[in-house]
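Data from input.txt: compact mmCIF, C-alpha atoms
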# COMPACT_ATOMS: atom_id res chain seq x y z
CA MET Y 1 111.04 29.96 89.06
CA GLY Y 2 109.57 30.25 85.58
CA ILE Y 3 106.84 28.60 83.62
CA GLU Y 4 106.54 25.62 85.99
CA GLU Y 5 105.78 27.95 88.90
CA GLY Y 6 103.72 30.41 86.84
CA ARG Y 7 106.03 33.29 87.74
CA VAL Y 8 108.67 35.40 86.06
CA ASP Y 9 110.80 36.98 88.77
CA SER Y 10 113.55 38.75 86.81
CA LYS Y 11 114.19 40.46 83.50
CA LEU Y 12 116.82 37.84 82.61
CA GLU Y 13 114.34 35.05 83.27
CA TYR Y 14 111.74 36.89 81.21
CA TYR Y 15 114.05 37.24 78.20
CA ALA Y 16 115.04 33.56 78.32
CA LEU Y 17 111.35 32.56 78.15
CA TYR Y 18 110.55 35.31 75.61
CA GLU Y 19 113.24 34.13 73.19
CA ARG Y 20 111.94 30.54 73.48
CA GLY Y 21 108.51 31.82 72.37
CA VAL Y 22 106.78 30.94 75.65
CA PHE Y 23 104.74 34.15 75.63
CA GLY Y 24 103.53 33.83 72.06
CA ASN Y 25 103.43 36.58 69.46
CA LYS Y 26 106.35 38.99 69.35
CA PRO Y 27 108.18 41.25 66.92
CA LEU Y 28 111.44 40.28 65.26
CA THR Y 29 114.21 40.48 67.87
CA TRP Y 30 117.98 40.60 67.84
CA SER Y 31 120.74 40.46 70.44
CA SER Y 32 123.06 42.95 68.74
CA ILE Y 33 123.36 45.61 66.05
CA GLU Y 34 125.69 43.25 64.19
CA GLU Y 35 122.98 40.59 64.10
CA ILE Y 36 120.54 43.12 62.61
CA GLU Y 37 123.08 44.15 59.97
CA GLN Y 38 123.73 40.53 59.00
CA GLY Y 39 120.02 39.95 58.39
CA GLN Y 40 117.63 41.40 55.86
CA TRP Y 41 115.89 43.91 58.15
CA LYS Y 42 116.08 47.48 56.84
CA GLY Y 43 113.25 49.07 58.83
CA LYS Y 44 113.25 50.92 62.11
CA ILE Y 45 114.22 49.29 65.38
CA CYS Y 46 113.77 49.79 69.11
CA ILE Y 47 116.31 49.40 71.90
CA ARG Y 48 115.30 48.09 75.33
CA GLY Y 49 117.26 47.03 78.39
CA ARG Y 50 117.97 43.36 78.92
CA LYS Y 51 118.25 43.80 82.69
CA GLY Y 52 118.08 46.54 85.27
CA ILE Y 53 118.12 49.49 82.89
CA ALA Y 54 115.74 52.41 83.39
CA ARG Y 55 112.76 52.47 81.01
CA SER Y 56 113.76 56.03 80.16
CA LYS Y 57 116.78 54.57 78.35
CA ALA Y 58 114.57 52.69 75.86
CA ARG Y 59 114.49 54.19 72.38
CA PHE Y 60 111.94 53.64 69.64
CA ASN Y 61 111.73 53.95 65.86
CA LEU Y 62 115.46 54.33 65.20
CA MET Y 63 117.22 53.67 61.93
CA ILE Y 64 120.30 51.44 62.24
CA ASP Y 65 122.74 54.39 62.18
CA GLU Y 66 120.79 56.14 64.95
CA ALA Y 67 120.81 52.92 66.97
CA LYS Y 68 124.58 52.60 66.60
CA GLU Y 69 125.04 56.19 67.74
CA TYR Y 70 122.77 55.68 70.73
CA THR Y 71 124.54 52.48 71.81
CA GLU Y 72 127.81 54.44 71.79
CA GLU Y 73 126.22 57.09 74.04
CA LEU Y 74 125.04 54.36 76.41
CA LYS Y 75 128.55 52.91 76.61
CA LYS Y 76 129.73 56.22 78.06
CA GLU Y 77 127.15 55.71 80.83
CA GLY Y 78 128.36 52.18 81.52
CA ILE Y 79 125.53 50.45 79.62
CA TYR Y 80 127.07 48.07 77.11
CA PRO Y 81 125.56 46.37 74.04
CA HIS Y 82 125.26 43.03 75.86
CA ASP Y 83 122.90 44.85 78.29
CA LEU Y 84 120.55 45.70 75.42
CA LYS Y 85 117.88 43.97 73.36
CA PHE Y 86 116.71 45.09 69.93
CA ASN Y 87 113.38 44.57 68.19
CA GLN Y 88 111.64 45.72 65.05
CA ALA Y 89 109.67 48.92 65.48
CA MET Y 90 105.94 48.31 65.46
CA PRO Y 91 103.40 50.23 63.36
CA ASP Y 92 102.28 52.69 66.05
CA GLU Y 93 99.89 54.38 63.63
CA HIS Y 94 97.84 51.14 63.75
CA LEU Y 95 97.67 50.87 67.56
CA ILE Y 96 94.17 50.49 69.01
CA ILE Y 97 94.85 49.59 72.65
CA GLN Y 98 97.91 48.80 74.75
CA GLY Y 99 98.71 48.38 78.38
CA GLU Y 100 98.97 45.92 81.24
CA VAL Y 101 96.51 43.28 82.35
CA MET Y 102 96.58 41.16 85.47
CA ARG Y 103 94.29 39.00 87.56
CA ASP Y 104 93.12 40.12 90.95
CA VAL Y 105 94.31 37.23 93.08
CA ASN Y 106 92.20 38.42 96.03
CA ARG Y 107 88.89 37.95 94.19
CA LEU Y 108 86.89 34.74 94.44
CA THR Y 109 86.59 34.34 90.68
CA PRO Y 110 89.74 33.71 88.63
CA ARG Y 111 88.23 35.74 85.78
CA TYR Y 112 88.36 39.06 87.64
CA ILE Y 113 91.05 41.18 86.02
CA HIS Y 114 92.48 44.69 86.13
CA LEU Y 115 93.43 46.52 82.94
CA THR Y 116 95.56 49.65 82.75
CA TYR Y 117 95.59 50.91 79.17
CA SER Y 118 95.95 53.68 76.64
CA THR Y 119 94.62 54.30 73.13
CA VAL Y 120 97.35 56.82 72.24
CA LYS Y 121 99.19 55.73 69.08
CA GLU Y 122 102.73 55.94 70.48
CA PRO Y 123 105.16 53.54 72.18
CA MET Y 124 103.65 52.37 75.46
CA ASN Y 125 105.89 54.40 77.81
CA TYR Y 126 104.84 57.62 76.08
CA ALA Y 127 101.23 56.59 75.56
CA LEU Y 128 100.60 55.77 79.22
CA ALA Y 129 102.22 59.07 80.27
CA LYS Y 130 99.67 60.89 78.09
CA GLU Y 131 96.61 58.74 78.79
CA GLU Y 132 96.31 56.15 81.53
CA LEU Y 133 92.87 54.53 81.68
CA TYR Y 134 91.57 51.73 83.92
CA SER Y 135 89.00 48.99 83.62
CA ASP Y 136 88.11 45.99 85.78
CA GLY Y 137 86.27 42.69 85.58
CA LEU Y 138 83.80 42.08 82.77
CA ASN Y 139 84.28 45.59 81.38
CA ALA Y 140 88.00 44.91 80.98
CA LEU Y 141 87.32 41.53 79.35
CA PHE Y 142 84.82 43.09 76.92
CA LEU Y 143 87.31 45.83 76.08
CA LEU Y 144 90.01 43.26 75.36
CA LYS Y 145 87.67 40.97 73.44
CA GLY Y 146 86.47 43.91 71.33
CA ASN Y 147 90.01 44.96 70.33
CA LEU Y 148 91.99 41.73 70.07
CA TYR Y 149 91.61 39.23 67.25
CA PRO Y 150 89.96 36.06 68.62
CA SER Y 151 93.29 34.22 68.30
CA SER Y 152 95.11 36.98 70.21
CA TYR Y 153 92.41 37.06 72.89
CA ASP Y 154 92.74 33.28 73.31
CA ASP Y 155 96.54 33.67 73.59
CA LEU Y 156 96.10 36.29 76.32
CA GLN Y 157 93.67 34.07 78.23
CA GLU Y 158 96.17 31.21 78.04
CA LEU Y 159 98.91 33.46 79.48
CA LEU Y 160 96.58 34.51 82.31
CA GLU Y 161 96.08 30.81 83.07
CA LEU Y 162 99.79 29.95 82.89
CA PHE Y 163 100.91 33.04 84.83
CA PRO Y 164 97.97 33.84 87.12
CA ASP Y 165 99.87 36.30 89.35
CA SER Y 166 101.82 38.06 86.59
CA ILE Y 167 101.39 41.38 84.85
CA ILE Y 168 101.06 40.94 81.08
CA GLU Y 169 102.12 43.89 78.94
CA PHE Y 170 100.62 44.01 75.43
CA SER Y 171 99.93 46.17 72.38
CA ALA Y 172 97.06 45.50 69.93
CA TYR Y 173 96.85 46.85 66.39
CA ASP Y 174 94.19 47.08 63.70
CA ILE Y 175 96.34 44.87 61.44
CA SER Y 176 98.13 41.53 61.85
CA VAL Y 177 101.56 41.90 63.46
CA GLY Y 178 104.33 39.73 64.87
CA ASN Y 179 105.85 36.35 64.22
CA ILE Y 180 102.63 34.29 64.48
CA PRO Y 181 100.05 34.61 61.67
CA ASN Y 182 96.55 35.96 62.32
CA ARG Y 183 97.49 37.84 65.48
CA ASN Y 184 97.03 41.56 66.10
CA THR Y 185 98.58 41.62 69.55
CA ILE Y 186 102.21 41.67 70.63
CA ILE Y 187 103.07 40.42 74.12
CA TRP Y 188 105.86 42.66 75.38
CA GLU Y 189 106.36 41.31 78.85
CA VAL Y 190 105.08 38.88 81.45
CA ARG Y 191 106.44 39.72 84.88
CA ASN Y 192 106.24 39.45 88.64
CA TYR Y 193 109.13 41.85 89.28
Would you put the structure from the file into structure tokens?
Amino acid sequence: MGIEEGRVDSKLEYYALYERGVFGNKPLTWSSIEEIEQGQWKGKICIRGRKGIARSKARFNLMIDEAKEYTEELKKEGIYPHDLKFNQAMPDEHLIIQGEVMRDVNRLTPRYIHLTYSTVKEPMNYALAKEELYSDGLNALFLLKGNLYPSSYDDLQELLELFPDSIIEFSAYDISVGNIPNRNTIIWEVRNY
């Protein structure tokens, strides 16, 4: 599976492609707390599961000491540091839209898409729990085009071409973010699982 087949069928497969930069713009990421400490990053971080860990276990906007404490708590539950992924916390106060977009493979036109989104300025899990909105087709495309920088919109369209049956999870901000210049959109996940 993977990029050749236009599918991402597991979290492990996703992370392998994500780390290679296949999905485009992303925050700074690390594989361990030690890696963060060895670098220059002094800001807040987020903890997500590398594979098969409940979304409820993700934590956002932690300082390094809080992250260490939380990883120790997770160990007691049988979730070890090698099961985790770390990334820089994003500027939630600058969020404008975030959610999931996917093509409707049953439609005749490949441009028909579904968008589930929120405008709440919090990490996506929390935002969608507070406000879950829907848009389809041209309305969804106009909504995306109106909130994503042109370069970020083009990146998203490219992902929809490369992964036509996948769900693409994203967050867009009113400022440039991520590891690629002139982008306001982070791609969090591309998945078929």
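Distances from Y:Asn184, Y:Ser10, Y:Val190, Y:Gly146 to Y:Phe163 were compared using all atoms listed in the file, and the smallest one belongs to Y:Val190.
One distance worth recording is that between atom CA of Y:Gln157 and atom CA of Y:Arg7, which is 15.6 Å.
Shortest separation to Y:Tyr15 among Y:Tyr126, Y:Phe86, Y:Tyr70, Y:Phe60 occurs at residue Y:Phe86, atoms counted being all atoms listed in the file.
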I'd like the contact shell of Y:His94 - 10 Å cut-off, all atoms listed in the file, skipping same-chain residues fewer than 6 positions apart - returned as a PyMOL selection string. chain Y and resi 121-122+172-177+184
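Closest approach to Y:Asp83 among Y:Ile187, Y:Ala58, Y:Leu144, Y:Leu115: Y:Ala58, based on all atoms listed in the file.
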With a cut-off of 8 Å, could you pull out the residues of stretch 93-180 of chain Y touching stretch 18-34 of chain Y and give me the nearest pair of atoms for each, distance in Å to one decimal, using all atoms listed in the file, ordered by chain and ascending number, as CSV?
residue,atom,partner,partner_atom,distance
Y:Asp155,CA,Y:Gly24,CA,7.2
Y:Leu159,CA,Y:Phe23,CA,7.0
Y:Val177,CA,Y:Pro27,CA,7.5
Y:Gly178,CA,Y:Pro27,CA,4.6
Y:Asn179,CA,Y:Asn25,CA,5.8
Y:Ile180,CA,Y:Asn25,CA,5.5
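Across the model, the gap from atom CA of Y:His114 to atom CA of Y:Asp154 is 17.2 Å.
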